[in-house]
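Visitor: Compact mmCIF, all heavy atoms, file structure.txt:
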```txt
# COMPACT_ATOMS: atom_id res chain seq x y z
N MET A 28 22.34 -48.43 -88.49
CA MET A 28 23.45 -48.28 -87.56
C MET A 28 23.77 -49.66 -86.98
O MET A 28 22.92 -50.30 -86.38
CB MET A 28 23.05 -47.30 -86.44
CG MET A 28 24.08 -47.24 -85.36
SD MET A 28 23.71 -46.28 -83.84
CE MET A 28 22.41 -45.19 -84.27
N GLU A 29 25.01 -50.07 -87.18
CA GLU A 29 25.46 -51.36 -86.63
C GLU A 29 25.92 -51.15 -85.20
O GLU A 29 26.69 -50.24 -84.90
CB GLU A 29 26.60 -51.91 -87.48
CG GLU A 29 27.06 -53.28 -87.03
CD GLU A 29 28.22 -53.82 -87.85
OE1 GLU A 29 28.62 -53.19 -88.83
OE2 GLU A 29 28.71 -54.90 -87.48
N LEU A 30 25.43 -51.99 -84.31
CA LEU A 30 25.77 -51.90 -82.89
C LEU A 30 26.53 -53.14 -82.46
O LEU A 30 26.22 -54.25 -82.88
CB LEU A 30 24.50 -51.77 -82.04
CG LEU A 30 23.64 -50.54 -82.32
CD1 LEU A 30 22.35 -50.64 -81.51
CD2 LEU A 30 24.39 -49.27 -81.98
N LEU A 31 27.53 -52.94 -81.60
CA LEU A 31 28.34 -54.04 -81.08
C LEU A 31 28.12 -54.18 -79.58
O LEU A 31 27.94 -53.19 -78.88
CB LEU A 31 29.83 -53.76 -81.33
CG LEU A 31 30.26 -53.53 -82.77
CD1 LEU A 31 31.72 -53.13 -82.81
CD2 LEU A 31 30.01 -54.75 -83.61
N SER A 32 28.20 -55.41 -79.11
CA SER A 32 28.16 -55.64 -77.66
C SER A 32 29.45 -55.09 -77.05
O SER A 32 30.43 -54.82 -77.76
CB SER A 32 28.04 -57.13 -77.36
OG SER A 32 29.26 -57.79 -77.70
N ILE A 33 29.49 -54.98 -75.75
CA ILE A 33 30.68 -54.47 -75.09
C ILE A 33 31.88 -55.39 -75.35
O ILE A 33 32.99 -54.91 -75.57
CB ILE A 33 30.44 -54.23 -73.58
CG1 ILE A 33 31.59 -53.45 -72.97
CG2 ILE A 33 30.17 -55.55 -72.86
CD1 ILE A 33 31.32 -52.93 -71.58
N GLY A 34 31.64 -56.69 -75.39
CA GLY A 34 32.72 -57.63 -75.66
C GLY A 34 33.26 -57.50 -77.07
O GLY A 34 34.47 -57.52 -77.29
N GLU A 35 32.35 -57.37 -78.04
CA GLU A 35 32.77 -57.20 -79.44
C GLU A 35 33.52 -55.89 -79.63
O GLU A 35 34.55 -55.85 -80.32
CB GLU A 35 31.55 -57.23 -80.36
CG GLU A 35 30.86 -58.57 -80.42
CD GLU A 35 29.50 -58.49 -81.10
OE1 GLU A 35 28.82 -57.45 -81.00
OE2 GLU A 35 29.13 -59.49 -81.73
N ALA A 36 33.02 -54.81 -79.03
CA ALA A 36 33.66 -53.51 -79.16
C ALA A 36 35.06 -53.54 -78.52
O ALA A 36 36.02 -53.03 -79.10
CB ALA A 36 32.80 -52.43 -78.52
N ALA A 37 35.15 -54.14 -77.34
CA ALA A 37 36.44 -54.22 -76.65
C ALA A 37 37.45 -55.02 -77.48
O ALA A 37 38.62 -54.63 -77.58
CB ALA A 37 36.26 -54.85 -75.27
N LYS A 38 37.00 -56.10 -78.08
CA LYS A 38 37.89 -56.92 -78.90
C LYS A 38 38.41 -56.13 -80.09
O LYS A 38 39.60 -56.17 -80.40
CB LYS A 38 37.15 -58.17 -79.36
CG LYS A 38 38.02 -59.15 -80.10
CD LYS A 38 37.27 -60.44 -80.41
CE LYS A 38 38.19 -61.40 -81.14
NZ LYS A 38 37.52 -62.67 -81.42
N ARG A 39 37.53 -55.40 -80.77
CA ARG A 39 37.96 -54.59 -81.92
C ARG A 39 38.96 -53.52 -81.52
O ARG A 39 39.86 -53.18 -82.29
CB ARG A 39 36.77 -53.93 -82.60
CG ARG A 39 35.93 -54.90 -83.39
CD ARG A 39 35.10 -54.18 -84.41
NE ARG A 39 34.14 -55.10 -85.02
CZ ARG A 39 33.35 -54.77 -86.01
NH1 ARG A 39 33.37 -53.54 -86.50
NH2 ARG A 39 32.50 -55.65 -86.50
N LEU A 40 38.79 -52.98 -80.31
CA LEU A 40 39.68 -51.93 -79.84
C LEU A 40 40.93 -52.47 -79.16
O LEU A 40 41.87 -51.72 -78.89
CB LEU A 40 38.94 -51.00 -78.87
CG LEU A 40 37.86 -50.14 -79.50
CD1 LEU A 40 37.00 -49.49 -78.43
CD2 LEU A 40 38.47 -49.08 -80.40
N GLY A 41 40.93 -53.76 -78.83
CA GLY A 41 42.07 -54.37 -78.17
C GLY A 41 42.20 -53.97 -76.71
O GLY A 41 43.32 -53.85 -76.20
N VAL A 42 41.06 -53.77 -76.06
CA VAL A 42 41.05 -53.39 -74.64
C VAL A 42 40.09 -54.30 -73.88
O VAL A 42 39.29 -55.01 -74.47
CB VAL A 42 40.63 -51.90 -74.45
CG1 VAL A 42 41.61 -50.97 -75.14
CG2 VAL A 42 39.22 -51.66 -74.93
N HIS A 43 40.17 -54.25 -72.57
CA HIS A 43 39.26 -55.00 -71.70
C HIS A 43 37.92 -54.26 -71.66
O HIS A 43 37.88 -53.03 -71.72
CB HIS A 43 39.86 -55.09 -70.29
CG HIS A 43 39.16 -56.08 -69.43
ND1 HIS A 43 38.02 -55.76 -68.73
CD2 HIS A 43 39.43 -57.37 -69.16
CE1 HIS A 43 37.62 -56.82 -68.05
NE2 HIS A 43 38.46 -57.82 -68.30
N PRO A 44 36.81 -54.99 -71.56
CA PRO A 44 35.50 -54.32 -71.47
C PRO A 44 35.43 -53.27 -70.36
O PRO A 44 34.74 -52.25 -70.52
CB PRO A 44 34.53 -55.47 -71.21
CG PRO A 44 35.18 -56.64 -71.88
CD PRO A 44 36.66 -56.45 -71.64
N ASN A 45 36.13 -53.48 -69.27
CA ASN A 45 36.12 -52.47 -68.19
C ASN A 45 36.71 -51.15 -68.66
O ASN A 45 36.33 -50.09 -68.14
CB ASN A 45 36.89 -52.98 -66.97
CG ASN A 45 36.13 -54.05 -66.23
OD1 ASN A 45 34.92 -54.21 -66.41
ND2 ASN A 45 36.83 -54.80 -65.40
N ARG A 46 37.63 -51.18 -69.62
CA ARG A 46 38.20 -49.94 -70.16
C ARG A 46 37.11 -49.14 -70.87
O ARG A 46 37.06 -47.92 -70.75
CB ARG A 46 39.34 -50.28 -71.13
CG ARG A 46 39.95 -49.09 -71.83
CD ARG A 46 40.61 -48.10 -70.92
NE ARG A 46 41.59 -48.76 -70.09
CZ ARG A 46 42.04 -48.26 -68.94
NH1 ARG A 46 41.62 -47.10 -68.50
NH2 ARG A 46 42.91 -48.92 -68.22
N LEU A 47 36.21 -49.83 -71.59
CA LEU A 47 35.12 -49.12 -72.26
C LEU A 47 34.20 -48.46 -71.24
O LEU A 47 33.74 -47.33 -71.45
CB LEU A 47 34.32 -50.08 -73.14
CG LEU A 47 35.02 -50.56 -74.40
CD1 LEU A 47 34.14 -51.56 -75.14
CD2 LEU A 47 35.38 -49.41 -75.31
N LYS A 48 33.94 -49.14 -70.14
CA LYS A 48 33.11 -48.55 -69.09
C LYS A 48 33.78 -47.31 -68.49
O LYS A 48 33.12 -46.31 -68.21
CB LYS A 48 32.82 -49.58 -68.00
CG LYS A 48 31.93 -50.70 -68.46
CD LYS A 48 31.74 -51.73 -67.37
CE LYS A 48 30.96 -52.93 -67.86
NZ LYS A 48 30.85 -53.97 -66.83
N ALA A 49 35.11 -47.37 -68.32
CA ALA A 49 35.85 -46.22 -67.79
C ALA A 49 35.80 -45.07 -68.79
O ALA A 49 35.60 -43.91 -68.41
CB ALA A 49 37.30 -46.61 -67.51
N TRP A 50 35.98 -45.37 -70.08
CA TRP A 50 35.92 -44.33 -71.11
C TRP A 50 34.52 -43.69 -71.14
O TRP A 50 34.39 -42.50 -71.37
CB TRP A 50 36.27 -44.90 -72.48
CG TRP A 50 37.73 -45.22 -72.65
CD1 TRP A 50 38.76 -44.85 -71.84
CD2 TRP A 50 38.31 -45.97 -73.71
NE1 TRP A 50 39.95 -45.33 -72.32
CE2 TRP A 50 39.70 -46.02 -73.48
CE3 TRP A 50 37.80 -46.62 -74.82
CZ2 TRP A 50 40.57 -46.69 -74.33
CZ3 TRP A 50 38.67 -47.28 -75.67
CH2 TRP A 50 40.05 -47.31 -75.42
N GLU A 51 33.49 -44.52 -70.91
CA GLU A 51 32.13 -43.98 -70.88
C GLU A 51 31.99 -42.98 -69.73
O GLU A 51 31.44 -41.88 -69.91
CB GLU A 51 31.12 -45.11 -70.72
CG GLU A 51 29.70 -44.63 -70.64
CD GLU A 51 28.70 -45.74 -70.36
OE1 GLU A 51 29.08 -46.92 -70.35
OE2 GLU A 51 27.53 -45.42 -70.13
N LYS A 52 32.51 -43.33 -68.55
CA LYS A 52 32.43 -42.43 -67.40
C LYS A 52 33.18 -41.13 -67.65
O LYS A 52 32.80 -40.08 -67.16
CB LYS A 52 32.98 -43.11 -66.15
CG LYS A 52 32.07 -44.15 -65.57
CD LYS A 52 32.65 -44.76 -64.31
CE LYS A 52 31.72 -45.84 -63.78
NZ LYS A 52 32.27 -46.48 -62.58
N GLN A 53 34.26 -41.21 -68.45
CA GLN A 53 35.07 -40.02 -68.78
C GLN A 53 34.47 -39.23 -69.93
O GLN A 53 34.98 -38.16 -70.27
CB GLN A 53 36.49 -40.45 -69.13
CG GLN A 53 37.25 -41.07 -68.00
CD GLN A 53 38.57 -41.70 -68.45
OE1 GLN A 53 38.92 -41.66 -69.62
NE2 GLN A 53 39.27 -42.28 -67.51
N GLY A 54 33.42 -39.75 -70.53
CA GLY A 54 32.78 -39.06 -71.65
C GLY A 54 33.49 -39.24 -72.98
O GLY A 54 33.23 -38.49 -73.92
N LEU A 55 34.37 -40.23 -73.07
CA LEU A 55 35.14 -40.44 -74.29
C LEU A 55 34.42 -41.29 -75.32
O LEU A 55 34.77 -41.26 -76.50
CB LEU A 55 36.50 -41.09 -73.95
CG LEU A 55 37.38 -40.27 -73.01
CD1 LEU A 55 38.63 -41.06 -72.67
CD2 LEU A 55 37.72 -38.93 -73.63
N ILE A 56 33.44 -42.07 -74.87
CA ILE A 56 32.66 -42.90 -75.78
C ILE A 56 31.23 -42.94 -75.27
O ILE A 56 30.99 -42.90 -74.05
CB ILE A 56 33.26 -44.33 -75.89
CG1 ILE A 56 32.59 -45.11 -77.02
CG2 ILE A 56 33.22 -45.06 -74.58
CD1 ILE A 56 33.30 -46.39 -77.40
N LYS A 57 30.29 -42.97 -76.19
CA LYS A 57 28.87 -42.93 -75.81
C LYS A 57 28.17 -44.17 -76.35
O LYS A 57 27.92 -44.26 -77.54
CB LYS A 57 28.23 -41.66 -76.38
CG LYS A 57 26.76 -41.57 -76.13
CD LYS A 57 26.44 -40.52 -75.13
CE LYS A 57 24.94 -40.34 -75.05
NZ LYS A 57 24.42 -40.49 -73.75
N PRO A 58 27.86 -45.13 -75.47
CA PRO A 58 27.11 -46.29 -75.94
C PRO A 58 25.62 -45.99 -76.06
O PRO A 58 25.13 -45.03 -75.48
CB PRO A 58 27.35 -47.33 -74.84
CG PRO A 58 27.54 -46.52 -73.62
CD PRO A 58 28.22 -45.24 -74.06
N VAL A 59 24.95 -46.83 -76.80
CA VAL A 59 23.49 -46.79 -76.89
C VAL A 59 22.99 -47.74 -75.81
O VAL A 59 23.52 -48.84 -75.65
CB VAL A 59 23.03 -47.27 -78.29
CG1 VAL A 59 21.53 -47.40 -78.35
CG2 VAL A 59 23.54 -46.32 -79.36
N ARG A 60 22.00 -47.33 -75.05
CA ARG A 60 21.41 -48.20 -74.03
C ARG A 60 20.13 -48.81 -74.59
O ARG A 60 19.24 -48.09 -75.04
CB ARG A 60 21.08 -47.41 -72.76
CG ARG A 60 22.28 -46.97 -71.99
CD ARG A 60 22.94 -48.13 -71.31
NE ARG A 60 24.02 -47.65 -70.45
CZ ARG A 60 24.44 -48.29 -69.39
NH1 ARG A 60 23.91 -49.44 -69.05
NH2 ARG A 60 25.42 -47.80 -68.67
N LEU A 61 20.08 -50.13 -74.54
CA LEU A 61 18.87 -50.83 -74.96
C LEU A 61 17.83 -50.74 -73.84
O LEU A 61 18.18 -50.45 -72.69
CB LEU A 61 19.20 -52.30 -75.24
CG LEU A 61 20.24 -52.56 -76.33
CD1 LEU A 61 20.46 -54.07 -76.47
CD2 LEU A 61 19.82 -51.96 -77.64
N PRO A 62 16.56 -50.99 -74.15
CA PRO A 62 15.54 -50.96 -73.09
C PRO A 62 15.87 -51.90 -71.93
O PRO A 62 15.50 -51.64 -70.79
CB PRO A 62 14.27 -51.41 -73.81
CG PRO A 62 14.49 -51.01 -75.23
CD PRO A 62 15.97 -51.18 -75.47
N SER A 63 16.63 -52.96 -72.22
CA SER A 63 17.03 -53.91 -71.17
C SER A 63 18.15 -53.35 -70.29
O SER A 63 18.49 -53.94 -69.27
CB SER A 63 17.50 -55.21 -71.81
OG SER A 63 18.65 -54.97 -72.62
N GLY A 64 18.75 -52.21 -70.72
CA GLY A 64 19.84 -51.62 -69.96
C GLY A 64 21.21 -51.99 -70.47
O GLY A 64 22.21 -51.44 -70.01
N HIS A 65 21.28 -52.93 -71.40
CA HIS A 65 22.57 -53.34 -71.95
C HIS A 65 23.16 -52.25 -72.82
O HIS A 65 22.45 -51.52 -73.48
CB HIS A 65 22.43 -54.63 -72.77
CG HIS A 65 22.10 -55.82 -71.94
ND1 HIS A 65 20.88 -56.45 -72.01
CD2 HIS A 65 22.82 -56.48 -71.02
CE1 HIS A 65 20.87 -57.46 -71.16
NE2 HIS A 65 22.03 -57.50 -70.54
N ARG A 66 24.50 -52.19 -72.81
CA ARG A 66 25.22 -51.23 -73.65
C ARG A 66 25.44 -51.83 -75.03
O ARG A 66 25.77 -53.01 -75.15
CB ARG A 66 26.60 -50.94 -73.07
CG ARG A 66 26.63 -50.22 -71.78
CD ARG A 66 28.09 -50.18 -71.28
NE ARG A 66 28.23 -49.41 -70.07
CZ ARG A 66 28.06 -49.90 -68.84
NH1 ARG A 66 27.75 -51.16 -68.67
NH2 ARG A 66 28.20 -49.12 -67.79
N ARG A 67 25.34 -50.98 -76.04
CA ARG A 67 25.72 -51.35 -77.40
C ARG A 67 26.50 -50.18 -77.96
O ARG A 67 26.14 -49.02 -77.75
CB ARG A 67 24.51 -51.66 -78.29
CG ARG A 67 23.76 -52.92 -77.91
CD ARG A 67 24.60 -54.16 -78.15
NE ARG A 67 23.89 -55.38 -77.83
CZ ARG A 67 23.97 -56.04 -76.68
NH1 ARG A 67 24.70 -55.54 -75.69
NH2 ARG A 67 23.32 -57.16 -76.49
N TYR A 68 27.57 -50.50 -78.64
CA TYR A 68 28.47 -49.47 -79.16
C TYR A 68 28.33 -49.36 -80.66
O TYR A 68 28.55 -50.34 -81.38
CB TYR A 68 29.91 -49.79 -78.77
CG TYR A 68 30.11 -49.71 -77.28
CD1 TYR A 68 29.86 -50.79 -76.46
CD2 TYR A 68 30.52 -48.52 -76.69
CE1 TYR A 68 30.01 -50.71 -75.08
CE2 TYR A 68 30.67 -48.42 -75.31
CZ TYR A 68 30.42 -49.52 -74.52
OH TYR A 68 30.57 -49.42 -73.17
N PRO A 69 27.99 -48.17 -81.17
CA PRO A 69 27.91 -47.98 -82.62
C PRO A 69 29.29 -48.19 -83.26
O PRO A 69 30.30 -47.74 -82.74
CB PRO A 69 27.46 -46.53 -82.78
CG PRO A 69 26.85 -46.15 -81.47
CD PRO A 69 27.60 -46.96 -80.45
N VAL A 70 29.30 -48.89 -84.39
CA VAL A 70 30.55 -49.12 -85.12
C VAL A 70 31.22 -47.78 -85.43
O VAL A 70 32.45 -47.68 -85.40
CB VAL A 70 30.29 -49.95 -86.40
CG1 VAL A 70 31.51 -49.99 -87.29
CG2 VAL A 70 29.85 -51.35 -86.04
N GLU A 71 30.42 -46.75 -85.69
CA GLU A 71 30.99 -45.44 -85.99
C GLU A 71 31.83 -44.90 -84.82
O GLU A 71 32.85 -44.26 -85.03
CB GLU A 71 29.87 -44.44 -86.33
CG GLU A 71 29.14 -44.73 -87.62
CD GLU A 71 28.06 -45.81 -87.49
OE1 GLU A 71 27.74 -46.22 -86.35
OE2 GLU A 71 27.56 -46.24 -88.54
N GLU A 72 31.38 -45.16 -83.59
CA GLU A 72 32.14 -44.72 -82.40
C GLU A 72 33.46 -45.48 -82.31
O GLU A 72 34.50 -44.91 -82.00
CB GLU A 72 31.33 -44.97 -81.12
CG GLU A 72 30.34 -43.90 -80.80
CD GLU A 72 31.01 -42.64 -80.26
OE1 GLU A 72 31.45 -42.61 -79.11
OE2 GLU A 72 31.10 -41.68 -81.05
N ILE A 73 33.41 -46.78 -82.60
CA ILE A 73 34.63 -47.60 -82.54
C ILE A 73 35.60 -47.12 -83.61
O ILE A 73 36.80 -46.95 -83.34
CB ILE A 73 34.28 -49.09 -82.75
CG1 ILE A 73 33.26 -49.58 -81.70
CG2 ILE A 73 35.54 -49.95 -82.74
CD1 ILE A 73 33.62 -49.32 -80.27
N ASN A 74 35.10 -46.88 -84.80
CA ASN A 74 35.95 -46.39 -85.89
C ASN A 74 36.55 -45.02 -85.57
O ASN A 74 37.69 -44.74 -85.92
CB ASN A 74 35.20 -46.36 -87.22
CG ASN A 74 34.87 -47.75 -87.72
OD1 ASN A 74 35.54 -48.73 -87.36
ND2 ASN A 74 33.88 -47.85 -88.56
N ARG A 75 35.76 -44.18 -84.90
CA ARG A 75 36.26 -42.86 -84.51
C ARG A 75 37.45 -43.01 -83.58
O ARG A 75 38.48 -42.34 -83.75
CB ARG A 75 35.14 -42.06 -83.82
CG ARG A 75 35.57 -40.67 -83.35
CD ARG A 75 34.47 -39.96 -82.59
NE ARG A 75 34.05 -40.66 -81.38
CZ ARG A 75 34.71 -40.63 -80.22
NH1 ARG A 75 35.83 -39.96 -80.11
NH2 ARG A 75 34.25 -41.29 -79.17
N ILE A 76 37.34 -43.90 -82.62
CA ILE A 76 38.44 -44.12 -81.67
C ILE A 76 39.65 -44.71 -82.38
O ILE A 76 40.79 -44.33 -82.11
CB ILE A 76 37.97 -45.02 -80.52
CG1 ILE A 76 36.96 -44.25 -79.65
CG2 ILE A 76 39.15 -45.50 -79.68
CD1 ILE A 76 36.25 -45.08 -78.64
N LEU A 77 39.39 -45.62 -83.30
CA LEU A 77 40.49 -46.23 -84.06
C LEU A 77 41.08 -45.29 -85.10
O LEU A 77 42.17 -45.55 -85.62
CB LEU A 77 40.00 -47.51 -84.76
CG LEU A 77 39.67 -48.69 -83.86
CD1 LEU A 77 39.02 -49.79 -84.67
CD2 LEU A 77 40.92 -49.19 -83.15
N GLY A 78 40.35 -44.23 -85.41
CA GLY A 78 40.83 -43.29 -86.41
C GLY A 78 40.62 -43.79 -87.83
O GLY A 78 41.35 -43.42 -88.74
N THR A 79 39.61 -44.65 -88.01
CA THR A 79 39.30 -45.18 -89.34
C THR A 79 37.90 -44.76 -89.76
O THR A 79 37.10 -44.36 -88.94
CB THR A 79 39.38 -46.73 -89.38
OG1 THR A 79 38.43 -47.26 -88.45
CG2 THR A 79 40.78 -47.21 -88.98
N GLU A 80 37.64 -44.89 -91.03
CA GLU A 80 36.33 -44.49 -91.56
C GLU A 80 35.41 -45.69 -91.79
O GLU A 80 34.22 -45.55 -91.78
CB GLU A 80 36.52 -43.75 -92.90
CG GLU A 80 37.33 -42.48 -92.77
CD GLU A 80 36.47 -41.27 -92.58
OE1 GLU A 80 35.33 -41.29 -93.01
OE2 GLU A 80 36.96 -40.30 -91.97
N GLY A 81 35.97 -46.85 -92.06
CA GLY A 81 35.14 -47.98 -92.47
C GLY A 81 35.03 -48.98 -91.43
O GLY A 81 34.37 -49.86 -91.23
```
If you took the structure in this file and wrote it as structure tokens, what would it be?
Guide:
Amino acid sequence: MELLSIGEAAKRLGVHPNRLKAWEKQGLIKPVRLPSGHRRYPVEEINRILGTEG
């Protein structure tokens, strides 16, 4: 599973990182939390939002 940082995920989606945090609070996207507490976004989640498979 490929994981992206919040900055990388936001760039791929064309949104500000704060938008990803808002989507998380709304239950629209589910990041993986590392033991350090940092968010990582699975590429599959980003592709789901973009409506792409690859």
Visitor: Assign secondary structure with DSSP using the backbone only, and return the residues of chain A in strand (DSSP E or B) as a PyMOL selection string.
Guide: chain A and resi 30-31+59-60+66-69
Visitor: Skip Arg66 of chain A itself and residues of its chain fewer than 5 positions away, then list as a tab-separated table (two decimals) with all heavy atoms, keeping the file's coordinate frame all residues within 4 Å of it, counting all atoms listed in the file.
Guide:
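Result written to selection.tsv:
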```tsv
chain	number	residue	atom	x	y	z
A	48	LYS	N	33.94	-49.14	-70.14
A	48	LYS	CA	33.11	-48.55	-69.09
A	48	LYS	C	33.78	-47.31	-68.49
A	48	LYS	O	33.12	-46.31	-68.21
A	48	LYS	CB	32.82	-49.58	-68.00
A	48	LYS	CG	31.93	-50.70	-68.46
A	48	LYS	CD	31.74	-51.73	-67.37
A	48	LYS	CE	30.96	-52.93	-67.86
A	48	LYS	NZ	30.85	-53.97	-66.83
A	51	GLU	N	33.49	-44.52	-70.91
A	51	GLU	CA	32.13	-43.98	-70.88
A	51	GLU	C	31.99	-42.98	-69.73
A	51	GLU	O	31.44	-41.88	-69.91
A	51	GLU	CB	31.12	-45.11	-70.72
A	51	GLU	CG	29.70	-44.63	-70.64
A	51	GLU	CD	28.70	-45.74	-70.36
A	51	GLU	OE1	29.08	-46.92	-70.35
A	51	GLU	OE2	27.53	-45.42	-70.13
A	59	VAL	N	24.95	-46.83	-76.80
A	59	VAL	CA	23.49	-46.79	-76.89
A	59	VAL	C	22.99	-47.74	-75.81
A	59	VAL	O	23.52	-48.84	-75.65
A	59	VAL	CB	23.03	-47.27	-78.29
A	59	VAL	CG1	21.53	-47.40	-78.35
A	59	VAL	CG2	23.54	-46.32	-79.36
A	60	ARG	N	22.00	-47.33	-75.05
A	60	ARG	CA	21.41	-48.20	-74.03
A	60	ARG	C	20.13	-48.81	-74.59
A	60	ARG	O	19.24	-48.09	-75.04
A	60	ARG	CB	21.08	-47.41	-72.76
A	60	ARG	CG	22.28	-46.97	-71.99
A	60	ARG	CD	22.94	-48.13	-71.31
A	60	ARG	NE	24.02	-47.65	-70.45
A	60	ARG	CZ	24.44	-48.29	-69.39
A	60	ARG	NH1	23.91	-49.44	-69.05
A	60	ARG	NH2	25.42	-47.80	-68.67
```
Visitor: Could you list, as an NGL selection string, every residue within 6 Å of Leu77 of chain A, counting all heavy atoms and ignoring same-chain residues fewer than 5 positions away?
Guide: :A and (39-40 or 72)
Visitor: Work out how far apart atom CA of Ile76 of chain A and atom CA of Ile56 of chain A are and give it in Å to one decimal.
Guide: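 Computing the Euclidean distance for atom CA of Ile76 of chain A and atom CA of Ile56 of chain A yields 8.3 Å.
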Visitor: Extending 8 Å beyond the listed atoms of segment 71-79 of chain A on each side, what axis-aligned box results? I want centre and edge lengths in Å to one decimal, as AutoDock Vina command-line options.
Guide:
```
--center_x 34.9 --center_y -45.0 --center_z -84.2 --size_x 30.6 --size_y 26.0 --size_z 27.1
```
Visitor: Give me, as a tab-separated table, each residue of segment 46-65 of chain A that comes within 9 Å of segment 31-36 of chain A, together with its shortest interatomic pair and the distance in Å at one decimal, counting only C-alpha atoms, with rows ordered by chain and rising residue number.
Guide:
```
residue	atom	partner	partner_atom	distance
A:Leu47	CA	A:Ile33	CA	7.5
A:Lys48	CA	A:Ile33	CA	8.8
A:Pro58	CA	A:Ile33	CA	9.0
A:His65	CA	A:Ser32	CA	8.3
```
Visitor: State, in Å with one decimal place, the distance from atom CA of Glu29 of chain A to atom CA of Lys52 of chain A.
Guide: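 Spanning atom CA of Glu29 of chain A to atom CA of Lys52 of chain A is a straight-line distance of 22.3 Å.
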Visitor: Taking only C-alpha atoms into account, name the residue in A:Leu61, A:Ala49, A:Met28, A:Ala37 that is nearest to Ile73 of chain A.
Guide: A:Ala37
Visitor: Between atom N of Thr79 of chain A and atom CG of Pro62 of chain A, measure the distance and give it in Å to one decimal.
Guide: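 One can read the atom N of Thr79 of chain A to atom CG of Pro62 of chain A distance as 28.9 Å.
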Visitor: Write out as a ChimeraX atom specification all residues of chain A that DSSP puts in helix (DSSP H, G or I) for this structure's backbone.
Guide: /A:33-40,44-52,70-77
